[in-house]
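Participant: Just so it is clear, I am handing over start-v7.csv, which has CSV, C-alpha atoms.
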```
chain,number,residue,atom,x,y,z
Z,1,MET,CA,111.8,86.0,138.4
Z,2,THR,CA,114.3,85.7,141.3
Z,3,LEU,CA,114.4,88.9,143.4
Z,4,ARG,CA,117.5,90.9,143.8
Z,5,LEU,CA,117.7,93.9,146.1
Z,6,HIS,CA,120.3,96.5,146.9
Z,7,ASN,CA,121.5,95.8,150.4
Z,8,THR,CA,122.7,99.0,152.2
Z,9,LEU,CA,124.9,96.9,154.4
Z,10,THR,CA,126.9,95.4,151.6
Z,11,ARG,CA,126.5,98.3,149.2
Z,12,LYS,CA,125.5,96.0,146.3
Z,13,ALA,CA,122.6,94.3,144.7
Z,14,GLU,CA,122.3,90.7,145.8
Z,15,PRO,CA,119.8,87.8,145.8
Z,16,PHE,CA,117.2,88.2,148.5
Z,17,THR,CA,117.8,85.2,150.8
Z,18,PRO,CA,115.4,84.9,153.8
Z,19,ALA,CA,116.0,82.3,156.5
Z,20,ASP,CA,112.7,80.6,155.5
Z,21,PRO,CA,111.6,81.3,151.9
Z,22,ALA,CA,108.0,80.4,152.8
Z,23,ARG,CA,107.7,82.9,155.6
Z,24,ILE,CA,109.5,86.3,155.4
Z,25,THR,CA,109.9,88.6,158.4
Z,26,PHE,CA,109.8,92.3,157.5
Z,27,TYR,CA,110.2,95.3,159.7
Z,28,THR,CA,109.6,98.9,158.5
Z,29,CYS,CA,110.4,102.0,160.6
Z,30,GLY,CA,107.0,103.7,160.8
Z,31,PRO,CA,105.8,107.3,161.5
Z,32,THR,CA,106.8,109.5,164.3
Z,33,VAL,CA,103.4,111.0,165.3
Z,34,TYR,CA,104.1,114.6,166.2
Z,35,ASP,CA,102.7,115.8,162.9
Z,36,PHE,CA,100.9,114.7,159.8
Z,37,ALA,CA,102.9,112.3,157.5
Z,38,HIS,CA,103.8,114.0,154.3
Z,39,ILE,CA,104.2,112.7,150.8
Z,40,GLY,CA,107.9,112.0,151.3
Z,41,ASN,CA,107.1,109.9,154.4
Z,42,PHE,CA,104.5,107.9,152.5
Z,43,ARG,CA,106.9,107.3,149.6
Z,44,ALA,CA,109.0,105.1,151.9
Z,45,PHE,CA,106.0,103.4,153.3
Z,46,LEU,CA,104.6,102.8,149.8
Z,47,VAL,CA,107.9,101.3,148.6
Z,48,ALA,CA,107.7,98.9,151.5
Z,49,ASP,CA,104.1,98.0,150.7
Z,50,VAL,CA,104.8,97.4,147.0
Z,51,LEU,CA,107.8,95.2,147.9
Z,52,ARG,CA,105.7,93.2,150.4
Z,53,ARG,CA,103.0,92.7,147.7
Z,54,TRP,CA,105.7,91.4,145.3
Z,55,LEU,CA,107.1,89.1,147.9
Z,56,GLU,CA,103.6,87.6,148.4
Z,57,SER,CA,103.1,87.1,144.6
Z,58,PRO,CA,103.3,83.7,143.0
Z,59,LEU,CA,105.5,85.3,140.4
Z,60,CYS,CA,108.2,86.3,142.8
Z,61,ALA,CA,111.0,83.8,143.5
Z,62,VAL,CA,113.5,84.3,146.4
Z,63,THR,CA,116.7,82.5,147.0
Z,64,GLU,CA,117.0,79.7,149.4
Z,65,PRO,CA,120.0,79.5,151.8
Z,66,ASN,CA,121.4,76.7,149.6
Z,67,GLY,CA,121.3,79.1,146.6
Z,68,GLU,CA,118.3,77.5,144.8
Z,69,PRO,CA,115.3,79.7,143.8
Z,70,HIS,CA,112.1,79.3,145.7
Z,71,ALA,CA,108.9,80.3,144.0
Z,72,GLY,CA,106.0,82.1,145.7
Z,73,PRO,CA,103.4,82.6,147.0
Z,74,ARG,CA,104.5,83.0,150.6
Z,75,LYS,CA,103.6,84.5,153.9
Z,76,VAL,CA,105.1,87.9,154.7
Z,77,VAL,CA,104.9,89.0,158.4
Z,78,HIS,CA,105.2,92.8,158.0
Z,79,VAL,CA,105.5,95.0,161.1
Z,80,MET,CA,105.5,98.8,161.1
Z,81,ASN,CA,105.9,100.6,164.4
Z,82,ILE,CA,104.4,103.9,165.6
Z,83,THR,CA,106.8,106.1,167.4
Z,84,ASP,CA,105.0,108.1,170.1
Z,85,VAL,CA,108.0,108.3,172.5
Z,86,GLY,CA,111.8,108.2,172.3
Z,87,HIS,CA,112.1,110.2,169.1
Z,88,MET,CA,110.7,113.5,170.1
Z,89,THR,CA,113.8,115.5,169.7
Z,90,ASP,CA,116.3,116.1,166.8
Z,91,ASP,CA,116.6,113.0,164.7
Z,92,GLN,CA,119.8,114.1,163.0
Z,93,ASN,CA,122.2,113.4,165.9
Z,94,VAL,CA,123.1,110.5,168.0
Z,95,ASP,CA,122.1,112.2,171.3
Z,96,GLY,CA,118.5,113.0,170.4
Z,97,ALA,CA,119.2,116.6,171.5
Z,98,GLY,CA,117.4,119.7,170.4
Z,99,GLU,CA,113.8,120.8,170.1
Z,100,ASP,CA,111.2,118.5,171.7
Z,101,LYS,CA,108.9,117.8,168.7
Z,102,MET,CA,105.9,116.8,170.9
Z,103,GLU,CA,106.1,120.2,172.7
Z,104,ALA,CA,106.2,121.9,169.3
Z,105,ALA,CA,103.1,119.9,168.2
Z,106,SER,CA,101.3,120.8,171.4
Z,107,LYS,CA,102.0,124.5,170.8
Z,108,ARG,CA,100.6,124.2,167.2
Z,109,LEU,CA,97.5,122.6,168.4
Z,110,LEU,CA,97.0,125.0,171.2
Z,111,GLU,CA,97.3,128.0,168.9
Z,112,ALA,CA,94.9,126.3,166.5
Z,113,LYS,CA,92.4,125.6,169.3
Z,114,LYS,CA,92.6,129.2,170.5
Z,115,SER,CA,91.9,130.5,167.0
Z,116,GLY,CA,89.0,128.0,166.5
Z,117,ALA,CA,90.8,126.4,163.5
Z,118,LEU,CA,91.7,122.9,164.7
Z,119,PRO,CA,93.0,120.7,161.9
Z,120,PRO,CA,90.6,118.1,160.3
Z,121,GLY,CA,89.6,115.3,162.6
Z,122,ALA,CA,90.9,116.8,165.8
Z,123,PRO,CA,88.3,116.4,168.5
Z,124,ALA,CA,87.1,119.7,169.9
Z,125,ASP,CA,88.0,118.7,173.4
Z,126,ILE,CA,91.6,117.6,172.6
Z,127,ASP,CA,94.0,118.7,175.3
Z,128,PRO,CA,97.2,120.1,173.6
Z,129,ALA,CA,99.1,119.8,176.9
Z,130,ASP,CA,98.6,116.0,176.9
Z,131,PRO,CA,101.3,114.4,174.7
Z,132,TYR,CA,99.4,111.1,174.6
Z,133,ALA,CA,96.3,112.8,173.2
Z,134,VAL,CA,98.4,114.6,170.6
Z,135,ALA,CA,100.2,111.4,169.6
Z,136,ALA,CA,96.9,109.5,169.4
Z,137,TYR,CA,95.4,112.2,167.1
Z,138,TYR,CA,98.3,112.1,164.7
Z,139,ALA,CA,98.5,108.3,164.8
Z,140,ASP,CA,94.8,108.1,163.9
Z,141,ALA,CA,95.4,110.6,161.1
Z,142,PHE,CA,98.3,108.5,159.8
Z,143,ARG,CA,96.2,105.3,159.8
Z,144,GLN,CA,93.4,107.0,157.9
Z,145,ASP,CA,95.8,108.3,155.3
Z,146,ALA,CA,97.5,104.9,155.0
Z,147,LYS,CA,94.2,103.2,154.5
Z,148,LEU,CA,93.3,105.5,151.7
Z,149,LEU,CA,96.6,104.6,150.1
Z,150,GLY,CA,95.9,100.9,150.7
Z,151,LEU,CA,98.9,100.0,152.9
Z,152,LYS,CA,98.4,96.3,153.7
Z,153,VAL,CA,100.1,96.6,157.1
Z,154,VAL,CA,97.4,98.9,158.3
Z,155,GLU,CA,94.8,96.3,157.3
Z,156,ASP,CA,96.8,93.7,159.1
Z,157,ALA,CA,96.9,95.8,162.2
Z,158,GLU,CA,93.1,96.1,162.3
Z,159,ARG,CA,93.0,92.3,162.8
Z,160,ASP,CA,96.2,92.0,164.8
Z,161,PRO,CA,97.4,95.2,166.6
Z,162,ALA,CA,100.9,93.6,167.0
Z,163,ARG,CA,101.6,94.4,163.4
Z,164,MET,CA,101.7,98.2,164.3
Z,165,PRO,CA,103.0,98.4,167.8
Z,166,ARG,CA,103.2,101.7,169.6
Z,167,ALA,CA,106.4,102.5,171.3
Z,168,SER,CA,104.7,103.8,174.5
Z,169,ASP,CA,103.2,100.3,174.9
Z,170,LYS,CA,106.6,98.5,174.8
Z,171,VAL,CA,108.7,100.4,177.3
Z,172,ALA,CA,109.0,97.3,179.5
Z,173,GLN,CA,110.6,95.5,176.6
Z,174,MET,CA,113.0,98.4,176.1
Z,175,ILE,CA,114.0,98.4,179.8
Z,176,GLU,CA,114.6,94.6,179.6
Z,177,MET,CA,116.9,95.1,176.6
Z,178,ILE,CA,118.8,98.0,178.2
Z,179,SER,CA,119.2,95.9,181.4
Z,180,ALA,CA,120.7,93.0,179.3
Z,181,LEU,CA,123.1,95.4,177.6
Z,182,ILE,CA,124.3,96.7,180.9
Z,183,ALA,CA,124.7,93.2,182.2
Z,184,LYS,CA,126.9,92.4,179.2
Z,185,ARG,CA,128.9,95.5,179.7
Z,186,CYS,CA,127.8,96.9,176.4
Z,187,ALA,CA,126.1,99.9,178.1
Z,188,TYR,CA,126.9,102.0,181.1
Z,189,VAL,CA,125.1,104.3,183.6
Z,190,VAL,CA,126.2,107.8,184.2
Z,191,GLY,CA,124.9,109.3,187.4
Z,192,ASP,CA,122.8,108.0,190.3
Z,193,PRO,CA,119.4,106.3,189.9
Z,194,GLY,CA,116.6,108.7,190.3
Z,195,ILE,CA,118.7,111.9,189.9
Z,196,PRO,CA,117.5,114.1,187.0
Z,197,GLY,CA,120.1,113.9,184.2
Z,198,THR,CA,121.2,110.3,185.0
Z,199,ALA,CA,121.5,108.5,181.7
Z,200,VAL,CA,122.3,105.1,180.2
Z,201,TYR,CA,124.5,105.0,177.1
Z,202,PHE,CA,125.5,102.2,174.7
Z,203,ASP,CA,129.3,101.8,174.6
Z,204,VAL,CA,130.2,101.7,170.9
Z,205,SER,CA,133.7,100.5,171.6
Z,206,THR,CA,132.2,97.1,172.6
Z,207,PHE,CA,130.8,96.7,169.1
Z,208,PRO,CA,133.7,96.7,166.5
Z,209,GLU,CA,131.3,96.8,163.5
Z,210,TYR,CA,129.7,100.1,164.5
Z,211,GLY,CA,129.7,102.3,161.4
Z,212,ARG,CA,129.6,99.5,158.9
Z,213,LEU,CA,126.1,100.3,157.7
Z,214,SER,CA,126.6,104.0,157.3
Z,215,GLY,CA,130.3,104.0,156.4
Z,216,ASN,CA,131.2,106.1,159.4
Z,217,THR,CA,134.3,105.3,161.5
Z,218,LEU,CA,134.8,106.0,165.2
Z,219,ASP,CA,137.4,108.7,164.3
Z,220,THR,CA,134.8,110.4,162.0
Z,221,LEU,CA,132.3,110.3,164.8
Z,222,ARG,CA,134.7,111.6,167.3
Z,223,ALA,CA,135.2,114.6,165.0
Z,224,GLY,CA,131.5,115.3,165.0
Z,225,ALA,CA,130.1,113.4,162.0
Z,226,GLY,CA,129.1,116.5,160.2
Z,227,GLY,CA,127.1,117.8,163.1
Z,228,ARG,CA,125.4,114.6,164.0
Z,229,VAL,CA,127.4,114.2,167.2
Z,230,ARG,CA,126.9,117.3,169.3
Z,231,ALA,CA,129.9,118.7,171.1
Z,232,ASP,CA,127.8,120.0,174.1
Z,233,THR,CA,126.6,116.5,175.1
Z,234,GLN,CA,129.9,114.7,175.3
Z,235,SER,CA,131.1,115.4,178.8
Z,236,GLN,CA,129.5,112.4,180.5
Z,237,LYS,CA,130.1,109.9,177.7
Z,238,ARG,CA,133.1,107.6,177.1
Z,239,HIS,CA,133.0,108.2,173.3
Z,240,PRO,CA,131.2,110.9,171.4
Z,241,ALA,CA,129.3,108.2,169.4
Z,242,ASP,CA,127.9,106.5,172.5
Z,243,PHE,CA,124.2,106.8,172.1
Z,244,LEU,CA,121.4,107.3,174.6
Z,245,LEU,CA,119.4,104.3,175.8
Z,246,TRP,CA,117.6,105.9,178.8
Z,247,LYS,CA,117.3,109.3,180.3
Z,248,CYS,CA,116.2,110.0,183.8
Z,249,ASP,CA,113.7,112.9,183.6
Z,250,PRO,CA,111.1,112.7,186.3
Z,251,ALA,CA,109.7,116.2,185.3
Z,252,HIS,CA,108.8,115.0,181.8
Z,253,VAL,CA,105.2,114.3,181.1
Z,254,MET,CA,106.0,111.1,179.2
Z,255,LYS,CA,107.9,109.1,181.8
Z,256,TRP,CA,108.1,105.5,183.1
Z,257,PRO,CA,109.7,103.9,186.2
Z,258,SER,CA,113.0,102.1,185.6
Z,259,PRO,CA,116.0,100.8,187.5
Z,260,TRP,CA,117.7,104.1,186.7
Z,261,GLY,CA,114.9,106.4,187.7
Z,262,GLU,CA,111.7,107.8,186.2
Z,263,GLY,CA,112.3,108.8,182.6
Z,264,HIS,CA,112.0,107.8,179.0
Z,265,PRO,CA,113.9,105.6,176.5
Z,266,GLY,CA,116.1,106.8,173.7
Z,267,TRP,CA,114.8,106.5,170.1
Z,268,HIS,CA,117.0,103.7,168.9
Z,269,VAL,CA,116.2,101.1,171.5
Z,270,GLU,CA,112.5,101.4,170.7
Z,271,CYS,CA,112.7,99.6,167.3
Z,272,SER,CA,115.2,97.0,168.5
Z,273,ALA,CA,112.8,96.0,171.3
Z,274,MET,CA,109.7,96.0,169.2
Z,275,ALA,CA,111.2,94.2,166.2
Z,276,ARG,CA,112.6,91.5,168.6
Z,277,GLU,CA,109.3,90.9,170.3
Z,278,ALA,CA,107.3,90.8,167.1
Z,279,LEU,CA,109.7,89.0,164.7
Z,280,GLY,CA,112.4,87.4,166.8
Z,281,ASP,CA,116.2,87.9,167.2
Z,282,GLU,CA,116.9,88.0,163.5
Z,283,ILE,CA,114.7,89.3,160.7
Z,284,ASP,CA,114.9,88.9,157.0
Z,285,LEU,CA,114.3,92.5,155.8
Z,286,HIS,CA,114.4,95.9,157.4
Z,287,SER,CA,113.4,99.0,155.5
Z,288,GLY,CA,113.2,102.8,156.1
Z,289,GLY,CA,114.1,106.1,154.6
Z,290,GLU,CA,117.7,106.9,153.8
Z,291,ASP,CA,117.7,109.3,156.8
Z,292,ASN,CA,117.4,106.3,159.0
Z,293,ILE,CA,120.7,104.8,158.0
Z,294,PHE,CA,122.6,106.9,160.6
Z,295,PRO,CA,122.2,107.2,163.4
Z,296,HIS,CA,119.0,105.1,163.8
Z,297,HIS,CA,119.7,101.9,162.0
Z,298,GLU,CA,123.4,101.9,162.8
Z,299,CYS,CA,122.5,102.0,166.4
Z,300,GLU,CA,119.7,99.4,166.0
Z,301,ILE,CA,122.3,96.9,164.7
Z,302,ALA,CA,124.7,97.5,167.5
Z,303,GLN,CA,122.2,97.2,170.4
Z,304,SER,CA,120.2,94.3,168.8
Z,305,ARG,CA,123.3,92.1,168.0
Z,306,SER,CA,124.9,92.9,171.4
Z,307,ALA,CA,121.7,92.0,173.2
Z,308,THR,CA,121.0,88.8,171.3
Z,309,GLY,CA,124.5,87.6,170.6
Z,310,ARG,CA,123.5,86.9,167.0
Z,311,PRO,CA,125.9,87.5,164.1
Z,312,ARG,CA,123.3,89.7,162.4
Z,313,PHE,CA,120.1,91.6,163.1
Z,314,ALA,CA,118.6,91.9,159.6
Z,315,ARG,CA,119.7,89.9,156.6
Z,316,HIS,CA,118.9,92.7,154.2
Z,317,TRP,CA,118.7,96.5,154.6
Z,318,LEU,CA,116.6,98.5,152.2
Z,319,HIS,CA,116.6,102.3,152.3
Z,320,VAL,CA,114.4,104.6,150.2
Z,321,ARG,CA,115.8,107.9,148.8
Z,322,HIS,CA,114.2,111.2,149.7
Z,323,LEU,CA,111.5,112.6,147.4
Z,324,MET,CA,112.9,115.8,145.9
Z,325,VAL,CA,110.4,118.6,145.0
Z,326,GLU,CA,111.9,121.6,143.2
Z,327,GLY,CA,115.4,120.6,144.4
Z,328,GLU,CA,114.4,120.3,148.1
```
Could the structure of this file be written out as structure tokens, please?

Facilitator:
Amino acid sequence: MTLRLHNTLTRKAEPFTPADPARITFYTCGPTVYDFAHIGNFRAFLVADVLRRWLESPLCAVTEPNGEPHAGPRKVVHVMNITDVGHMTDDQNVDGAGEDKMEAASKRLLEAKKSGALPPGAPADIDPADPYAVAAYYADAFRQDAKLLGLKVVEDAERDPARMPRASDKVAQMIEMISALIAKRCAYVVGDPGIPGTAVYFDVSTFPEYGRLSGNTLDTLRAGAGGRVRADTQSQKRHPADFLLWKCDPAHVMKWPSPWGEGHPGWHVECSAMAREALGDEIDLHSGGEDNIFPHHECEIAQSRSATGRPRFARHWLHVRHLMVEGE
């Protein structure tokens, strides 16, 4: 049976056509480890796992670039990241503004520790003020749950950690990509290096296809995109939809040196940098939850294609619907 998938980018079901039908590159946006993954999160990961298993099956045929079917089995190189930096604020807007999720997680663990009711598996000596310790705890909890569910990518990562890269280990690659975008005039710096508040933004006007994945237009985004572009963060940007690549914040616990001062990366550049290092400039399949379509995956496409100069970032985009429980 020749596989057809709904492609979010084209909004239609189409034959799945990888660059090399004998070796498929597959990237899944993984967990953000400021809390336990819930059943809705795992639904998206399980869909990716089932699809990966089918792609590996001898019963699954994919379409060759020449249009001919190509029978399995085949190798699937599946990578799922762990986000432990860069997505620690509100994921529903371009700017990543709002409550710091790691700080909220630290407060929860601190209260639990004070009351003597730490969650299962939390070491008694865990320091809730250490975001790395908090992230490591929730990352370990995710891996244990994922193993119970039989996710193959977790088994892969036990043999090859590159299959589940941690964002905090790949900041150098993110800085390299940001520097390339600045050199190509696709990104710009606001402020002076080393000064708190200095930021690097991607200039969406340099990427005419921005909005194609989500169906947004720059005019819609200028108007606020239904609350996903915050009015109170626009003064230093050229366009309201310009998104954060780096923030200079030397007072933050999670910080790294950069040409623009000590600080941390934005959420979107993380996946672009990790996918590129693990799978190359162009990948066959990219999956995630439907909440990733905008802004995350829209921004990934813009910065990845701008950095590499390639005509596409992923050949096929697959998004999983939310799991609804009693209407919510």

Participant: Record the distance separating atom CA of Z:Ala19 and atom CA of Z:Val77, expressed in Å with one decimal.

Facilitator: 13.1 Å

Participant: Env of Z:Thr83: 12 Å cut, atoms = all atoms listed in the file, seq-sep filter 6 positions within chain, self excluded. Answer as a count of residues only.

Facilitator: 33

Participant: Measuring atom to atom with only C-alpha atoms, identify which of Z:Ile283, Z:Leu9, Z:Ala105, Z:Leu318 is nearest to Z:Gly215.

Facilitator: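 That would be Z:Leu9, the residue with the smallest distance to Z:Gly215.
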
Participant: Measure the distance from atom CA of Z:Pro58 to atom CA of Z:Ala71 in Å and round it to one decimal.

Facilitator: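 Going from atom CA of Z:Pro58 over to atom CA of Z:Ala71 covers 6.6 Å.
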
Participant: Identify, on the basis of all atoms listed in the file, every residue whose closest approach to Z:Leu285 does not exceed 9 Å; exclude the query and any residue fewer than 2 positions from it along the same chain; express the result as an MDAnalysis selection string.

Facilitator: chainID Z and resid 16 18 24:28 283 287 314:318

Participant: Nearest to Z:Ala22: which of Z:Met80, Z:Asp284, Z:Asp192, Z:Ile175 is it, counting all atoms listed in the file?

Facilitator: Z:Asp284

Participant: How would you write as a PyMOL selection string the residues that get within 12 Å of (126.1, 102.4, 175.2) in the file's frame, counting all atoms listed in the file?

Facilitator: chain Z and resi 94-95+177-190+199-207+210+236-246+266+268-269+299-300+302-304+306-307

Participant: Could you name the residues that touch stretch 250-256 of chain Z at 10 Å or less, counting all atoms listed in the file, but leaving out those on the same chain fewer than 4 positions away, as an mmCIF file with C-alpha atoms, keeping the file's coordinate frame?

Facilitator:
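Output file part.cif is given in full below:
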```
data_model
loop_
_atom_site.group_PDB
_atom_site.id
_atom_site.type_symbol
_atom_site.label_atom_id
_atom_site.label_comp_id
_atom_site.auth_asym_id
_atom_site.auth_seq_id
_atom_site.Cartn_x
_atom_site.Cartn_y
_atom_site.Cartn_z
ATOM 1 C CA ASP Z 84 105.000 108.100 170.100
ATOM 2 C CA VAL Z 85 108.000 108.300 172.500
ATOM 3 C CA GLY Z 86 111.800 108.200 172.300
ATOM 4 C CA ALA Z 129 99.100 119.800 176.900
ATOM 5 C CA ASP Z 130 98.600 116.000 176.900
ATOM 6 C CA PRO Z 131 101.300 114.400 174.700
ATOM 7 C CA TYR Z 132 99.400 111.100 174.600
ATOM 8 C CA SER Z 168 104.700 103.800 174.500
ATOM 9 C CA VAL Z 171 108.700 100.400 177.300
ATOM 10 C CA ALA Z 172 109.000 97.300 179.500
ATOM 11 C CA ILE Z 175 114.000 98.400 179.800
ATOM 12 C CA GLY Z 194 116.600 108.700 190.300
ATOM 13 C CA ILE Z 195 118.700 111.900 189.900
ATOM 14 C CA PRO Z 196 117.500 114.100 187.000
ATOM 15 C CA GLY Z 197 120.100 113.900 184.200
ATOM 16 C CA GLY Z 261 114.900 106.400 187.700
ATOM 17 C CA GLU Z 262 111.700 107.800 186.200
ATOM 18 C CA GLY Z 263 112.300 108.800 182.600
ATOM 19 C CA HIS Z 264 112.000 107.800 179.000
ATOM 20 C CA PRO Z 265 113.900 105.600 176.500
#
```

Participant: Interatomic distance between atom CA of Z:Lys114 and atom CA of Z:Ile82?

Facilitator: 28.3 Å

Participant: When distances are computed from all atoms listed in the file, which of Z:Pro128, Z:Pro161, Z:Gly288, Z:Gly211 shows the smallest separation from Z:Ala48?

Facilitator: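 Nearest candidate to Z:Ala48 out of Z:Pro128, Z:Pro161, Z:Gly288, Z:Gly211: Z:Gly288.
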
Participant: Tell me which protein, DNA and RNA residues are within 7 Å of Z:Lys152, counting all atoms listed in the file, leaving out same-chain ones fewer than 3 positions away, and put them as an MDAnalysis selection string.

Facilitator: chainID Z and resid 49 155:156

Participant: Once you add 6 Å to each side, what are the centre and edge lengths of the axis-aligned box holding all listed atoms of stretch 12-23 of chain Z? One decimal in Å, as JSON, if you can.

Facilitator:
```
{"center_x": 116.6, "center_y": 88.2, "center_z": 150.6, "size_x": 29.8, "size_y": 27.6, "size_z": 23.8}
```

Participant: Pick from Z:Gly40, Z:Gly67, Z:Pro208, Z:Gly72: nearest to Z:Trp54, with all atoms listed in the file counted?

Facilitator: Z:Gly72

Participant: If we count only C-alpha atoms and set the cut-off at 12 Å, which residues sit around Z:Asn66, ignoring sequence neighbours fewer than 4 positions away in its own chain? Please answer as a PyMOL selection string.

Facilitator: chain Z and resi 15+17-21+62+70
